[in-house]
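Undergrad: Got a file for you: my_file-v3.txt, compact mmCIF, C-alpha atoms.
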```txt
# COMPACT_ATOMS: atom_id res chain seq x y z
CA MET A 1 5.48 -7.50 8.98
CA THR A 2 4.22 -5.98 12.16
CA ALA A 3 6.23 -3.86 14.54
CA GLN A 4 5.16 -3.29 18.12
CA SER A 5 4.72 0.40 18.91
CA GLY A 6 2.99 1.43 22.12
CA THR A 7 -0.34 -0.36 22.25
CA ALA A 8 -0.91 -0.92 18.54
CA ASP A 9 0.80 -2.64 15.65
CA LYS A 10 1.95 -1.22 12.35
CA LEU A 11 1.95 -2.81 8.92
CA LEU A 12 5.01 -1.80 6.90
CA LEU A 13 5.84 -2.01 3.22
CA HIS A 14 9.31 -0.68 2.49
CA ASP A 15 10.97 -0.06 -0.90
CA HIS A 16 8.38 -1.98 -2.93
CA VAL A 17 9.35 -1.12 -6.52
CA LEU A 18 7.08 -1.62 -9.53
CA GLU A 19 7.23 -0.64 -13.18
CA VAL A 20 4.23 1.63 -13.68
CA GLU A 21 2.86 3.50 -16.68
CA ILE A 22 1.92 6.84 -15.20
CA GLY A 23 2.20 10.45 -16.27
CA ALA A 24 0.18 13.29 -17.71
CA PHE A 25 2.46 14.12 -20.64
CA GLN A 26 2.26 12.47 -24.04
CA GLN A 27 5.91 11.37 -23.92
CA GLU A 28 5.14 9.39 -20.73
CA ARG A 29 2.43 7.33 -22.40
CA GLY A 30 3.41 3.84 -23.49
CA HIS A 31 6.46 3.84 -21.19
CA THR A 32 6.88 2.56 -17.68
CA GLN A 33 8.67 4.23 -14.80
CA ARG A 34 10.07 2.67 -11.67
CA VAL A 35 7.90 3.72 -8.75
CA ARG A 36 8.94 3.02 -5.16
CA PHE A 37 6.21 2.52 -2.56
CA ASN A 38 6.70 2.94 1.19
CA ILE A 39 3.58 2.50 3.32
CA VAL A 40 3.06 2.55 7.07
CA ALA A 41 -0.40 1.62 8.30
CA ASP A 42 -1.07 2.17 11.99
CA LEU A 43 -3.58 -0.31 13.35
CA LYS A 44 -6.27 0.60 15.88
CA GLN A 45 -5.15 -1.99 18.40
CA THR A 46 -2.68 -4.80 18.79
CA ALA A 47 -3.89 -7.81 16.84
CA PRO A 48 -5.38 -10.37 19.25
CA GLY A 49 -3.97 -13.19 17.13
CA ALA A 50 -0.41 -12.04 17.79
CA ALA A 51 -0.61 -13.04 21.45
CA HIS A 52 -1.85 -16.52 20.53
CA ASP A 53 0.19 -17.08 17.35
CA ASP A 54 -3.11 -17.24 15.41
CA VAL A 55 -2.92 -16.07 11.80
CA ASP A 56 -6.72 -15.69 11.64
CA GLY A 57 -6.56 -13.00 14.32
CA ILE A 58 -4.29 -10.59 12.46
CA LEU A 59 -4.56 -8.22 9.53
CA SER A 60 -2.12 -9.51 6.93
CA TYR A 61 0.49 -7.15 5.54
CA ASP A 62 -0.57 -8.47 2.13
CA ILE A 63 -3.23 -5.75 2.13
CA LEU A 64 -0.51 -3.20 1.34
CA PRO A 65 0.84 -4.58 -1.96
CA GLU A 66 -2.69 -5.69 -2.88
CA ALA A 67 -3.94 -2.10 -2.45
CA ILE A 68 -1.26 -0.93 -4.87
CA GLU A 69 -2.00 -3.67 -7.39
CA ASP A 70 -5.76 -3.06 -7.21
CA GLU A 71 -5.34 0.69 -7.67
CA LEU A 72 -3.07 0.18 -10.68
CA ALA A 73 -5.48 -2.36 -12.17
CA ALA A 74 -8.36 0.13 -11.90
CA GLY A 75 -6.96 2.14 -14.81
CA ARG A 76 -4.13 4.33 -16.02
CA LEU A 77 -3.44 7.44 -13.96
CA ASN A 78 -1.82 10.74 -14.81
CA LEU A 79 -0.66 11.80 -11.36
CA MET A 80 1.37 10.11 -8.61
CA GLU A 81 -0.78 12.01 -6.12
CA THR A 82 -3.91 10.33 -7.47
CA LEU A 83 -2.23 6.93 -7.17
CA ALA A 84 -1.14 7.66 -3.58
CA GLU A 85 -4.64 8.82 -2.59
CA GLY A 86 -6.23 5.73 -4.13
CA VAL A 87 -3.82 3.35 -2.42
CA ALA A 88 -4.35 5.12 0.91
CA ALA A 89 -8.14 4.90 0.54
CA ARG A 90 -7.91 1.16 -0.13
CA VAL A 91 -5.72 0.58 2.93
CA LEU A 92 -7.88 2.78 5.16
CA ALA A 93 -10.99 0.85 4.05
CA HIS A 94 -9.91 -1.96 6.40
CA LYS A 95 -11.65 -1.39 9.71
CA GLN A 96 -8.54 -2.35 11.70
CA VAL A 97 -6.45 0.45 10.13
CA ALA A 98 -6.39 3.71 12.10
CA GLN A 99 -4.19 5.80 9.79
```
Once more with this new file: its structure as structure tokens, please.

TA:
Amino acid sequence: MTAQSGTADKLLLHDHVLEVEIGAFQQERGHTQRVRFNIVADLKQTAPGAAHDDVDGILSYDILPEAIEDELAAGRLNLMETLAEGVAARVLAHKQVAQ
């Protein structure tokens, strides 16, 4: 899911909903909540593979849901802010991602 914008691509994840056990209060433990994820990752440059229809030359949008899944698998969290920061760090760890 890339969208052309100026000279660089974007990876988009829109309305990705998961059941997540998260929360700092005792009554939130043992229960899941629906959490909606929307992520936009601006890439540093247009993927060279896009011009040549070459899948090996692009950064797959799969990195976005995988970042969420990996962060959730790392352990239970109390705060949505902590989850968001962790997901962002995982996405930004890819050298092609600018912001």

Undergrad: Between CA of Leu18 (chain A) and CA of Leu59 (chain A), what is the distance in Å, rounded to a tenth?

TA: 23.3 Å

Undergrad: Name the residues within 8 Å of (2.7, 0.3, -20.1), counting all atoms listed in the file in the file's coordinates, and put them as a tab-separated table (two decimals) with C-alpha atoms, in the coordinates of the input.

TA:
```
chain	number	residue	atom	x	y	z
A	20	VAL	CA	4.23	1.63	-13.68
A	21	GLU	CA	2.86	3.50	-16.68
A	29	ARG	CA	2.43	7.33	-22.40
A	30	GLY	CA	3.41	3.84	-23.49
A	31	HIS	CA	6.46	3.84	-21.19
A	32	THR	CA	6.88	2.56	-17.68
```

Undergrad: One number please: CA of Ala98 (chain A) to CA of Gly75 (chain A), in Å, one decimal.

TA: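 These two atoms are separated by 27.0 Å.
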
Undergrad: List every protein, DNA or RNA residue that has an atom no more than 12 Å from (-4.0, -5.4, -1.5) in the file's coordinate frame, counting only C-alpha atoms, and report them as a PyMOL selection string.

TA: chain A and resi 13+39+59-73+86-94

Undergrad: Which of these residues is nearest to Leu77 (chain A), using all atoms listed in the file: A:Val17, A:Ala41, A:Ala24, A:Leu11?

TA: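 Distance minimum relative to Leu77 (chain A) lands on A:Ala24.
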